[in-house]
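Participant: Quick one: this structure, given as C-alpha cells, is what I'll be asking you about.
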Amino acid sequence: MHALMLGCTSRLLLLVSALAFAAAVGAAPITYTEVISGYGSPTDKSPSGTLGGVAFGGLGGSAGEAVLKLTFQGDTADVVPFSVGSTHGYEILVGTASVQVLNTVGNVLAQGAFLPSAGIYVSIDNTNQGVGFGSFGALPSDPQFPGQPLYPYSIILNGTSDVGTFDLKGNDIIQSVNAASCVNFPLACAPALALPTTAGDLYVDENFGGQFGTFTAALASVPEPSTLVLVGLAVAVLGALRKQRTN
C-alpha cells in the first residue's frame with residue numbers, strides 16, 4: 001500500500017512540476033518603456049506637446065527641453081503576431097500604460113495614466129525595423145489595424161539591432177537616433193490627436209526623426225500567481241507524504 005501510494009504521489013508531483021514549468025514558460029509579466037529625448041544641442045529640439053495643458057519641449061539647453069517617458073505593463077501571453085502582405089511583426093494590446101514628462105535632470109513636470117479609450121499598445125515591425133508605442137490599437141483581424149503605430153512615439157532602426165527578430169516576449173534594449181511621432185503614418189503626418197490620460201489629454205507634436213529613443217523590454221522576476229499555486233500544491237503533497245511515512 002505504501003509503495004502504491006508513493007508511486008501515485010510521485011506521478012502527481014511530476015504532473016504538478018510539469019504544469020508549473022508550462023505556466024512559467026507560457027506567460028510572464030513584462031514592462032516596456034520608451035524614453036525619447038533631444039540630442040542636447042541648441043539647434044536640436046526635444047519632444048514637445050502638452051499633457052493636461054502643461055506645455056513641454058524646447059531646444060537643447062533651453063528651460064523647456066524635455067524628456068518623454070512611456071511605460072506599458074502587460075503579459076507575454078497577450079503578445080500576438082501580425083502579417084500584412086510582406087510585413088511581419090508583433091503587438092500587445094492588453095495592459096496598462098502611463099506617460100511622464102521630465103526635465104533633463106529627471107524631475108517630473110507632468111504625468112498620468114492612459115485611459116482605455118487611448119488604445120495604447122506596443123508593437124514591433126520586424127520587416128521595416130520599427131518598435132515603440134502606438135495608439136487606437138486593433139487586432140490584426142480588425143479593419144482599423146494597425147491604428148496609429150507612430151503616435152505617440154516609436155523609434156526607427158536601420159538594421160543596427162535585433163529588431164528584425166525580436167518578438168516582444170523577452171528582455172531587450174533597442175536604441176536609435178531616429179525617434180518619430182507621426183499621426184496617419186505611413187501617409188503624410190496629420191495634426192496631433194488627443195490621447196486621454198488621468199492628467200488630461202496628451203498631445204504630441206509631429207517629429208519625424210532627429211531625436212534619441214531608447215526602447216526597453218524587461219521581464220518581471222516574480223513568478224506567475226498560477227505558478228505559485230501549483231508550487232504550493234506540490235508542497236502540500238510532500239507534506240502529506242511525510243505524514244503518511246510517520247504513521
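Order determines the names: the first chain of the C-alpha cells is A, the second B, and so forth; residues in each chain are numbered 1 upward, and ligands are numbered 1 upward as they are shown.
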Can you tell me which residues surround stretch 173-187 of chain A at a distance of at most 6 Å, considering only C-alpha atoms, apart from same-chain residues fewer than 4 positions away, and format the answer as a list in words?
Facilitator: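 The neighbour list is Leu150, Tyr151, Pro152, Tyr153, Ser154, Ile155, Ile156, Glu206, Asn207, Phe208, Gly209, Gly210, Gln211, Phe212, Gly213, Thr214, Phe215 and Thr216 of chain A.
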Participant: Extract, using only C-alpha atoms, all DNA, RNA and protein residues at most 7 Å from A:Pro47, discarding same-chain residues fewer than 2 positions from it, and format them as a list in words.
Facilitator: Ile36, Ser37, Gly38, Lys45, Gly57, Ala66, Val67 and Leu68 of chain A
Participant: With N, CA and C atoms kept, could you save the residues just selected as a compact mmCIF listing (two decimals), in the first residue's frame?
Facilitator:
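Okay, selection05.txt is ready:
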```txt
# COMPACT_ATOMS: atom_id res chain seq x y z
N ILE A 36 12.25 59.17 -24.85
CA ILE A 36 12.57 60.00 -26.00
C ILE A 36 13.16 61.31 -25.51
N SER A 37 14.28 61.72 -26.10
CA SER A 37 14.92 62.97 -25.71
C SER A 37 15.56 63.62 -26.93
N GLY A 38 15.89 64.89 -26.79
CA GLY A 38 16.65 65.56 -27.82
C GLY A 38 18.12 65.23 -27.69
N LYS A 45 15.68 70.00 -31.17
CA LYS A 45 14.51 70.15 -30.32
C LYS A 45 14.17 68.84 -29.62
N GLY A 57 8.70 70.82 -24.06
CA GLY A 57 9.51 70.78 -25.28
C GLY A 57 10.22 72.08 -25.55
N ALA A 66 12.72 68.83 -22.77
CA ALA A 66 12.01 67.81 -22.02
C ALA A 66 12.39 66.40 -22.47
N VAL A 67 12.07 65.45 -21.60
CA VAL A 67 12.22 64.02 -21.88
C VAL A 67 10.85 63.38 -21.73
N LEU A 68 10.46 62.56 -22.69
CA LEU A 68 9.16 61.89 -22.65
C LEU A 68 9.39 60.41 -22.34
```
Participant: For the structure I just gave you, how does DSSP split stretch 11-215 of chain A - specifically, which residues are strand (DSSP E or B)? Reply as a VMD selection string.
Facilitator: chain A and resid 29 to 37 45 49 to 51 54 to 56 59 67 to 75 79 to 84 87 to 92 96 to 102 108 to 114 121 to 125 130 to 135 148 to 156 172 to 176 179 to 181 183 190 195 197 202 to 204 207 to 208 212 to 215
Participant: Taking 3 positions as the minimum chain separation for residues in the same chain, which residues sit within 6 Å of A:Tyr203 when counting only C-alpha atoms? Answer as number ranges by chain.
Facilitator: A: 49-50, 192, 194
Participant: Atoms to include: N, CA and C atoms. Write the selected residues as a PDB file, in the first residue's frame.
Facilitator:
```pdb
ATOM      1  N   GLY A  49       4.900  69.096 -26.887  1.00  0.00           N
ATOM      2  CA  GLY A  49       3.459  68.926 -26.897  1.00  0.00           C
ATOM      3  C   GLY A  49       2.859  69.458 -25.615  1.00  0.00           C
ATOM      4  N   THR A  50       1.732  68.891 -25.217  1.00  0.00           N
ATOM      5  CA  THR A  50       1.092  69.277 -23.948  1.00  0.00           C
ATOM      6  C   THR A  50       0.533  68.033 -23.271  1.00  0.00           C
ATOM      7  N   ALA A 192      -1.819  66.504 -34.418  1.00  0.00           N
ATOM      8  CA  ALA A 192      -1.795  65.648 -33.234  1.00  0.00           C
ATOM      9  C   ALA A 192      -3.205  65.295 -32.770  1.00  0.00           C
ATOM     10  N   ALA A 194      -5.748  63.792 -29.603  1.00  0.00           N
ATOM     11  CA  ALA A 194      -5.839  63.771 -28.146  1.00  0.00           C
ATOM     12  C   ALA A 194      -5.772  62.332 -27.647  1.00  0.00           C
TER      13      ALA A 194
END
```
Participant: Which distance in Å separates atom CA of A:Ala218 and atom CA of A:Thr71, to one decimal?
Facilitator: 11.1 Å
Participant: Determine the nearest neighbour of A:Ser117 from the options A:Leu51, A:Leu195, A:Cys189, A:Ala217, counting only C-alpha atoms.
Facilitator: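 Result for the nearest residue to A:Ser117: A:Leu195.
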Participant: When distances are computed from only C-alpha atoms, which of A:Thr33, A:Ser135, A:Ser123, A:Ser221 shows the smallest separation from A:Gln100?
Facilitator: A:Thr33
Participant: What is the atom CA of A:Ala110 to atom CA of A:Asp44 distance in Å?
Facilitator: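 Distance reported for this atom pair: 22.0 Å.
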Participant: Pick the closest to A:Lys169 from A:Ile92, A:Ala63, A:Ser41, A:Ser46: which is it, counting only C-alpha atoms?
Facilitator: A:Ile92
Participant: Just the residues within 9 Å of stretch 78-88 of chain A, please, counting only C-alpha atoms, with nothing from its chain fewer than 5 positions along; format it as number ranges by chain.
Facilitator: A: 27, 93-95, 124-128, 139-141, 167-169
Participant: Keeping only N, CA and C atoms, take the residues you just selected and write them out as a PDB file, in the first residue's frame.
Facilitator:
```
ATOM      1  N   ALA A  27       3.708  32.286 -20.008  1.00  0.00           N
ATOM      2  CA  ALA A  27       3.274  33.642 -19.695  1.00  0.00           C
ATOM      3  C   ALA A  27       4.187  34.252 -18.646  1.00  0.00           C
ATOM      4  N   LEU A  93      -1.772  44.475 -27.031  1.00  0.00           N
ATOM      5  CA  LEU A  93      -2.812  45.477 -26.822  1.00  0.00           C
ATOM      6  C   LEU A  93      -3.322  45.505 -25.386  1.00  0.00           C
ATOM      7  N   VAL A  94      -3.144  44.407 -24.670  1.00  0.00           N
ATOM      8  CA  VAL A  94      -3.706  44.271 -23.322  1.00  0.00           C
ATOM      9  C   VAL A  94      -2.671  44.672 -22.282  1.00  0.00           C
ATOM     10  N   GLY A  95      -3.008  45.665 -21.472  1.00  0.00           N
ATOM     11  CA  GLY A  95      -2.089  46.116 -20.433  1.00  0.00           C
ATOM     12  C   GLY A  95      -2.458  47.506 -19.955  1.00  0.00           C
ATOM     13  N   ILE A 124       6.136  45.897 -32.681  1.00  0.00           N
ATOM     14  CA  ILE A 124       7.415  45.850 -33.363  1.00  0.00           C
ATOM     15  C   ILE A 124       7.185  45.385 -34.792  1.00  0.00           C
ATOM     16  N   ASP A 125       7.729  46.113 -35.723  1.00  0.00           N
ATOM     17  CA  ASP A 125       7.667  45.772 -37.143  1.00  0.00           C
ATOM     18  C   ASP A 125       9.023  45.186 -37.518  1.00  0.00           C
ATOM     19  N   ASN A 126       9.087  43.859 -37.561  1.00  0.00           N
ATOM     20  CA  ASN A 126      10.362  43.198 -37.850  1.00  0.00           C
ATOM     21  C   ASN A 126      10.845  43.475 -39.271  1.00  0.00           C
ATOM     22  N   THR A 127       9.919  43.668 -40.177  1.00  0.00           N
ATOM     23  CA  THR A 127      10.283  43.858 -41.579  1.00  0.00           C
ATOM     24  C   THR A 127      10.858  45.240 -41.844  1.00  0.00           C
ATOM     25  N   ASN A 128      10.177  46.260 -41.346  1.00  0.00           N
ATOM     26  CA  ASN A 128      10.587  47.639 -41.609  1.00  0.00           C
ATOM     27  C   ASN A 128      11.425  48.252 -40.503  1.00  0.00           C
ATOM     28  N   LEU A 139      -6.627  44.553 -33.235  1.00  0.00           N
ATOM     29  CA  LEU A 139      -6.081  43.255 -33.596  1.00  0.00           C
ATOM     30  C   LEU A 139      -5.867  43.175 -35.104  1.00  0.00           C
ATOM     31  N   PRO A 140      -4.974  42.308 -35.551  1.00  0.00           N
ATOM     32  CA  PRO A 140      -4.700  42.202 -36.985  1.00  0.00           C
ATOM     33  C   PRO A 140      -5.934  41.908 -37.825  1.00  0.00           C
ATOM     34  N   SER A 141      -6.944  41.243 -37.239  1.00  0.00           N
ATOM     35  CA  SER A 141      -8.162  40.917 -37.973  1.00  0.00           C
ATOM     36  C   SER A 141      -9.138  42.083 -38.075  1.00  0.00           C
ATOM     37  N   ASP A 167      10.499  39.394 -30.626  1.00  0.00           N
ATOM     38  CA  ASP A 167       9.058  39.093 -30.611  1.00  0.00           C
ATOM     39  C   ASP A 167       8.318  39.696 -29.417  1.00  0.00           C
ATOM     40  N   LEU A 168       8.928  40.653 -28.722  1.00  0.00           N
ATOM     41  CA  LEU A 168       8.328  41.354 -27.569  1.00  0.00           C
ATOM     42  C   LEU A 168       8.141  40.459 -26.348  1.00  0.00           C
ATOM     43  N   LYS A 169       8.740  39.268 -26.344  1.00  0.00           N
ATOM     44  CA  LYS A 169       8.500  38.334 -25.245  1.00  0.00           C
ATOM     45  C   LYS A 169       9.699  38.138 -24.325  1.00  0.00           C
TER      46      LYS A 169
END
```
Participant: At what distance in Å, to one decimal, does atom CA of A:Leu202 lie from atom CA of A:Gly61?
Facilitator: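 Atom CA of A:Leu202 lies 23.6 Å from atom CA of A:Gly61.
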Participant: Given only C-alpha atoms as the basis, pick out the residue of A:Leu193, A:Ala77, A:Val99, A:Val54 nearest to A:Val35.
Facilitator: A:Val99
Participant: Tell me which protein, DNA and RNA residues are within 7 Å of A:Pro149, counting only C-alpha atoms, leaving out same-chain ones fewer than 3 positions away, and put them as a list of chain:residue names.
Facilitator: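 Non-adjacent residues within range: A:Phe133, A:Gly134, A:Ser135, A:Pro146.
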